[in-house]
$ cat final_22.txt   # compact mmCIF, C-alpha atoms
# COMPACT_ATOMS: atom_id res chain seq x y z
CA MET A 1 0.00 0.00 0.00
CA ARG A 2 2.81 2.39 0.85
CA THR A 3 4.47 1.75 -2.49
CA THR A 4 1.19 2.55 -4.26
CA PHE A 5 0.88 5.92 -2.51
CA ILE A 6 4.47 6.78 -3.35
CA ARG A 7 3.88 5.99 -7.01
CA LEU A 8 0.67 8.02 -7.03
CA PHE A 9 2.50 10.95 -5.42
CA ILE A 10 5.28 10.78 -8.02
CA ALA A 11 2.70 10.57 -10.81
CA ALA A 12 0.92 13.65 -9.41
CA LEU A 13 4.22 15.56 -9.30
CA CYS A 14 4.98 14.61 -12.88
CA GLY A 15 1.49 15.67 -13.95
CA ALA A 16 1.84 19.03 -12.20
CA ALA A 17 5.26 19.58 -13.79
CA ALA A 18 3.85 18.72 -17.21
CA TRP A 19 0.96 21.15 -16.74
CA LEU A 20 3.29 23.95 -15.63
CA SER A 21 5.58 23.31 -18.59
CA TRP A 22 2.61 23.34 -20.96
CA SER A 23 1.37 26.64 -19.49
CA GLU A 24 4.83 28.16 -19.84
CA SER A 25 5.22 27.08 -23.45
CA ARG A 26 1.71 28.25 -24.31
CA LEU A 27 2.39 31.75 -22.94
CA ALA A 28 5.76 31.86 -24.70
CA MET A 29 3.97 31.03 -27.95
CA ARG A 30 1.47 33.83 -27.33
CA VAL A 31 4.33 36.28 -26.77
CA ALA A 32 5.97 35.20 -30.03
CA GLU A 33 2.68 35.58 -31.90
CA ALA A 34 2.16 39.02 -30.35
CA LYS A 35 5.57 40.18 -31.61
CA GLN A 36 4.77 38.82 -35.06
CA ASP A 37 1.41 40.61 -35.04
CA ILE A 38 3.12 43.89 -34.16
CA ALA A 39 5.61 43.42 -36.99
CA THR A 40 2.78 42.73 -39.46
CA LEU A 41 0.63 45.61 -38.05
CA ASN A 42 -2.10 43.16 -36.97
CA HIS A 43 -2.95 45.12 -33.84
CA ASP A 44 -6.33 43.57 -33.06
CA ASN A 45 -4.88 40.24 -31.95
CA VAL A 46 -2.40 41.90 -29.57
CA ASP A 47 -5.04 44.20 -28.16
CA ALA A 48 -7.11 41.18 -27.10
CA LEU A 49 -4.27 39.62 -25.08
CA LYS A 50 -4.32 39.65 -21.30
CA PRO A 51 -1.15 39.40 -19.19
CA ALA A 52 -0.91 36.11 -17.30
CA ARG A 53 1.62 34.84 -14.78
CA VAL A 54 3.43 31.53 -15.02
CA LEU A 55 5.96 29.68 -12.90
CA SER A 56 9.00 31.40 -14.41
CA ASP A 57 7.71 34.79 -13.21
CA TYR A 58 8.42 33.74 -9.62
CA LEU A 59 11.88 32.34 -10.23
CA PRO A 60 14.90 34.49 -9.23
CA GLY A 61 16.90 36.26 -11.91
CA GLU A 62 17.17 39.50 -13.85
CA ARG A 63 15.45 38.27 -16.99
CA ARG A 64 12.26 39.84 -18.32
CA ARG A 65 9.10 37.97 -17.38
CA LEU A 66 6.72 36.67 -20.03
CA SER A 67 3.85 38.61 -18.46
CA ASP A 68 5.92 41.80 -18.90
CA GLU A 69 6.48 40.90 -22.55
CA ILE A 70 2.71 40.89 -23.09
CA GLY A 71 2.41 44.20 -21.24
CA ILE A 72 5.07 45.72 -23.50
CA ALA A 73 3.29 44.42 -26.61
CA LYS A 74 -0.03 45.88 -25.46
CA ALA A 75 1.62 49.22 -24.61
CA THR A 76 3.26 49.33 -28.04
CA VAL A 77 -0.03 48.66 -29.81
CA ALA A 78 -1.91 51.20 -27.69
CA TYR A 79 0.69 53.84 -28.52
CA TRP A 80 0.55 53.31 -32.26
CA LEU A 81 -3.26 53.24 -32.15
CA GLY A 82 -3.27 56.62 -30.42
CA ARG A 83 -4.76 55.41 -27.13
CA TYR A 84 -2.23 57.23 -24.99
CA ASP A 85 -4.19 57.05 -21.73
CA SER A 86 -4.03 53.26 -21.70
CA VAL A 87 -0.26 53.35 -22.22
CA ALA A 88 0.19 55.57 -19.17
CA ALA A 89 -1.93 53.15 -17.11
CA ASP A 90 0.77 50.47 -17.53
CA THR A 91 3.18 52.37 -15.23
CA ASN A 92 1.28 51.90 -11.97
CA SER A 93 3.70 49.23 -10.79
CA GLY A 94 6.83 50.38 -8.98
CA LYS A 95 8.82 47.76 -10.91
CA ALA A 96 7.56 48.71 -14.35
CA ASP A 97 9.74 47.64 -17.26
CA ALA A 98 11.97 50.32 -18.82
CA GLU A 99 10.42 49.76 -22.24
CA ILE A 100 6.91 50.32 -20.86
CA LEU A 101 8.09 53.47 -19.07
CA LEU A 102 9.58 54.81 -22.29
CA ALA A 103 6.39 54.04 -24.22
CA ALA A 104 4.38 55.80 -21.50
CA ALA A 105 6.65 58.84 -21.68
CA ASN A 106 6.28 58.98 -25.47
CA ALA A 107 2.52 58.66 -25.12
CA ALA A 108 2.44 61.46 -22.54
CA PHE A 109 4.26 63.79 -24.94
CA ARG A 110 1.92 62.89 -27.80
CA ASP A 111 -1.03 63.61 -25.52
CA VAL A 112 0.42 67.04 -24.75
CA GLN A 113 0.68 67.66 -28.49
CA ARG A 114 -3.05 67.01 -28.79
CA ASN A 115 -4.01 69.21 -25.84
CA PRO A 116 -1.08 71.51 -25.10
CA GLY A 117 -2.98 74.10 -23.10
CA SER A 118 -1.49 77.52 -22.44
CA GLY A 119 0.57 79.32 -19.84
CA PRO A 120 1.76 77.54 -16.70
CA ALA A 121 -0.58 74.59 -17.37
CA ALA A 122 1.28 73.71 -20.58
CA VAL A 123 4.64 74.02 -18.84
CA GLN A 124 3.43 71.81 -15.99
CA ARG A 125 2.30 69.10 -18.41
CA LEU A 126 5.69 69.13 -20.10
CA ASP A 127 7.35 68.89 -16.69
CA SER A 128 5.44 65.67 -16.08
CA VAL A 129 6.67 64.37 -19.43
CA LEU A 130 10.25 65.13 -18.39
CA GLN A 131 9.69 63.19 -15.17
CA ALA A 132 8.38 60.25 -17.20
CA TYR A 133 11.52 60.21 -19.35
CA SER A 134 13.64 60.50 -16.22
CA SER A 135 11.93 57.40 -14.79
CA ALA A 136 12.62 55.53 -18.03
CA MET A 137 16.31 56.44 -17.91
CA LYS A 138 16.58 55.33 -14.27
CA ALA A 139 14.95 52.00 -15.14
CA THR A 140 17.37 51.40 -18.01
CA SER A 141 20.33 51.98 -15.69
CA ASP A 142 19.25 48.91 -13.70
CA GLN A 143 19.36 46.69 -16.79
CA GLN A 144 22.66 45.79 -18.44
CA ALA A 145 21.27 44.28 -21.63
CA LEU A 146 22.25 45.73 -24.99
CA ALA A 147 18.62 46.66 -25.68
CA SER A 148 18.59 48.72 -22.46
CA VAL A 149 21.49 50.81 -23.77
CA ALA A 150 19.48 51.66 -26.87
CA LEU A 151 16.44 52.50 -24.73
CA ALA A 152 18.56 54.74 -22.51
CA LYS A 153 19.88 56.66 -25.53
CA GLU A 154 16.37 57.12 -26.92
CA ALA A 155 15.03 58.28 -23.54
CA ALA A 156 17.96 60.71 -23.10
CA TYR A 157 17.46 62.19 -26.57
CA ASN A 158 13.72 62.62 -26.02
CA TYR A 159 14.36 64.15 -22.59
CA GLU A 160 16.64 66.79 -24.12
CA PHE A 161 14.12 67.45 -26.91
CA VAL A 162 11.20 67.90 -24.50
CA ALA A 163 13.33 70.12 -22.25
CA ARG A 164 13.96 72.49 -25.16
CA VAL A 165 10.28 72.45 -26.13
CA ARG A 166 9.38 73.20 -22.52
CA ASP A 167 11.67 76.25 -22.50
CA GLN A 168 10.09 77.52 -25.73
CA VAL A 169 6.56 77.05 -24.36
CA ALA A 170 7.51 78.88 -21.14
CA ARG A 171 8.32 81.98 -23.21
CA ILE A 172 4.89 82.01 -24.92
CA PRO A 173 2.42 84.56 -23.48
CA ALA A 174 -0.09 83.03 -21.07
CA ASN A 175 -3.08 84.04 -23.21
CA LYS A 176 -1.86 82.10 -26.26
CA THR A 177 -2.23 78.35 -26.79
CA ALA A 178 1.05 76.56 -27.31
CA GLN A 179 1.63 74.67 -30.56
CA ILE A 180 3.90 71.68 -29.99
CA GLY A 181 4.65 70.06 -33.32
CA PRO A 182 2.18 68.15 -35.50
CA ILE A 183 -0.99 66.87 -33.86
CA THR A 184 -1.40 63.11 -34.08
CA PRO A 185 -4.90 61.87 -35.04
CA ALA A 186 -7.06 60.12 -32.46
CA LYS A 187 -7.14 57.02 -34.69
CA PRO A 188 -4.61 55.95 -37.33
CA MET A 189 -5.72 56.78 -40.85
CA MET A 190 -5.68 53.81 -43.19
CA GLY A 191 -4.52 53.80 -46.78
CA GLY A 192 -5.78 50.47 -48.08
CA ASP A 193 -4.71 47.73 -45.68
CA LEU A 194 -1.82 49.75 -44.21
CA PRO A 195 -1.93 52.80 -41.93
CA LEU A 196 -0.85 56.15 -43.32
CA GLY A 197 2.11 57.88 -41.77
CA PRO A 198 4.76 56.43 -39.45
CA THR A 199 4.39 52.94 -37.99
CA VAL A 200 6.46 50.80 -35.66
CA HIS A 201 8.78 50.26 -38.65
CA GLY A 202 9.35 54.00 -39.19
CA ALA A 203 8.23 56.48 -41.82
CA PRO A 204 6.90 55.06 -45.11
CA GLY A 205 9.27 55.12 -48.03
CA ALA A 206 8.71 56.80 -51.39
CA PRO A 207 10.63 57.48 -54.61
CA PRO A 208 12.94 60.53 -54.54
CA PRO A 209 10.94 63.67 -55.38
CA ASP A 210 13.09 64.57 -58.41
CA ALA A 211 13.40 61.06 -59.84
CA LYS A 212 11.74 60.13 -63.12
CA MET A 213 9.92 56.83 -62.96
CA GLU A 214 11.05 55.82 -66.43
CA GLU A 215 14.65 55.97 -65.27
CA LEU A 216 14.04 53.37 -62.56
CA ASN A 217 14.87 49.81 -63.61
CA THR A 218 13.04 46.98 -61.90
CA ILE A 219 15.05 43.76 -61.81
CA ALA A 220 13.00 40.60 -61.28
CA PRO A 221 14.26 37.01 -61.14
CA MET A 222 13.65 34.91 -64.24
CA GLU A 223 11.11 32.12 -64.24
CA TYR A 224 12.37 28.56 -64.19
CA GLY A 225 11.34 27.91 -67.79
CA ASP A 226 13.09 31.07 -69.01
CA ARG A 227 16.27 30.07 -67.22
CA GLU A 228 16.18 26.65 -68.88
CA ALA A 229 15.79 28.27 -72.31
CA GLN A 230 18.93 30.35 -71.87
CA PRO A 231 22.06 29.07 -73.67
CA GLU A 232 24.68 27.34 -71.61
CA SER A 233 27.36 29.59 -70.27
CA THR A 234 30.72 29.22 -72.00
CA PRO A 235 33.46 27.71 -69.88
CA GLY A 236 36.15 30.12 -68.82
CA GLY A 237 39.80 29.79 -69.65
CA LYS A 238 42.15 27.71 -67.60
CA LYS A 239 43.56 29.60 -64.68
CA ASP A 240 47.26 29.46 -64.14
CA ARG A 241 48.19 28.21 -60.75
CA LYS A 242 50.35 30.57 -58.76
CA GLY A 243 52.98 29.44 -56.32

$ encode --input "final_22.txt" --output "structure tokens"
Amino acid sequence: MRTTFIRLFIAALCGAAAWLSWSESRLAMRVAEAKQDIATLNHDNVDALKPARVLSDYLPGERRRLSDEIGIAKATVAYWLGRYDSVAADTNSGKADAEILLAAANAAFRDVQRNPGSGPAAVQRLDSVLQAYSSAMKATSDQQALASVALAKEAAYNYEFVARVRDQVARIPANKTAQIGPITPAKPMMGGDLPLGPTVHGAPGAPPPDAKMEELNTIAPMEYGDREAQPESTPGGKKDRKG
């Protein structure tokens, strides 16, 4: 009887370990799919995700948790969809990821562009944006990964940019509304199946303004049948061996 209980206990442990491993792999797959959806601008699938905790979230180490990866993906999508308030809501935790803090700071600045205000109110809103970038830079200093270095440089550049904008706004008379760069639309404008304007991949490309289309040569690979119809290449001459 004792042997039976021991075997049942071991079987239960193996079953629990299998279930935990399956949950971990399932969440890792969801994170990979979320990153692919962001790259292909399929934002609806990422927006429907909900952060979930797994066993690896409670293990010691400095790695990024899978639940944080989903939070970063959702913050990225919310930013590019223009829902800046929901991006700022991801920074409630005292241990927020540096990438989420940077996205929240960017969203706060874009929100100020929409509603800049005037006088001391506009300056105060830009001060809060500077504090958000400062929090992002402090968070990147705690992470030694190569990606954190790039995030720190981006946060530092944006901090300097916003500081200069803040000084310019402070010199505007109090009775005039500040104009802080181009105003981003509340929803991304679509051009066919792709959004117009910048995306997570950057600004859309276009031919040079002074280029003539007839001067551009498009090179396409030959079809298999056309390649077979081409004459055989002539053998080259014999190369003299040196040395």

$ closest_residue --input "final_22.txt" --among "A:Ala34, A:Leu27, A:Ala39, A:Val165" --to "A:His201" --atoms "only C-alpha atoms"
A:Ala39

$ closest_residue --input "final_22.txt" --among "A:Ser67, A:Arg241, A:Leu151, A:Ala170" --to "A:Glu24" --atoms "all atoms listed in the file"
A:Ser67

$ residues_around --input "final_22.txt" --residues "A:Thr40" --least-positions-apart "4" --cutoff "12 Å" --atoms "all atoms listed in the file" --output "list in words"
Glu33, Ala34, Lys35, Gln36, Asp44, Asn45, Val46, Val77, Asp193, Leu194, Pro195, Thr199, Val200 and His201 of chain A

$ closest_residue --input "final_22.txt" --among "A:Thr3, A:Leu102, A:Ala139, A:His43" --to "A:Lys74" --atoms "all atoms listed in the file"
A:His43

$ atom_distance --input "final_22.txt" --atom1 "atom CA of A:Ala136" --atom2 "atom CA of A:Ala28"
25.5 Å

$ atom_distance --input "final_22.txt" --atom1 "atom CA of A:Glu69" --atom2 "atom CA of A:Leu41"
17.2 Å

$ atom_distance --input "final_22.txt" --atom1 "atom CA of A:Ala206" --atom2 "atom CA of A:Ala220"
19.5 Å

$ closest_residue --input "final_22.txt" --among "A:Leu81, A:Ile72, A:Ile38, A:Ala156" --to "A:Ala104" --atoms "all atoms listed in the file"
A:Ile72

$ closest_residue --input "final_22.txt" --among "A:Leu101, A:Ala75, A:Ala174, A:Ala152" --to "A:Val123" --atoms "all atoms listed in the file"
A:Ala174

$ closest_residue --input "final_22.txt" --among "A:Gly205, A:Val87, A:Ala48, A:Leu126" --to "A:Glu160" --atoms "all atoms listed in the file"
A:Leu126

$ residues_around --input "final_22.txt" --residues "A:Gln168" --least-positions-apart "4" --cutoff "10 Å" --atoms "all atoms listed in the file" --output "JSON, numbers by chain"
{"A": [123, 162, 163, 164, 172, 178, 180]}

$ residues_near_point --input "final_22.txt" --point "(-0.3, 41.2, -24.7)" --cutoff "6 Å" --atoms "all atoms listed in the file" --output "PyMOL selection string"
chain A and resi 46+49-51+70-71+73-74
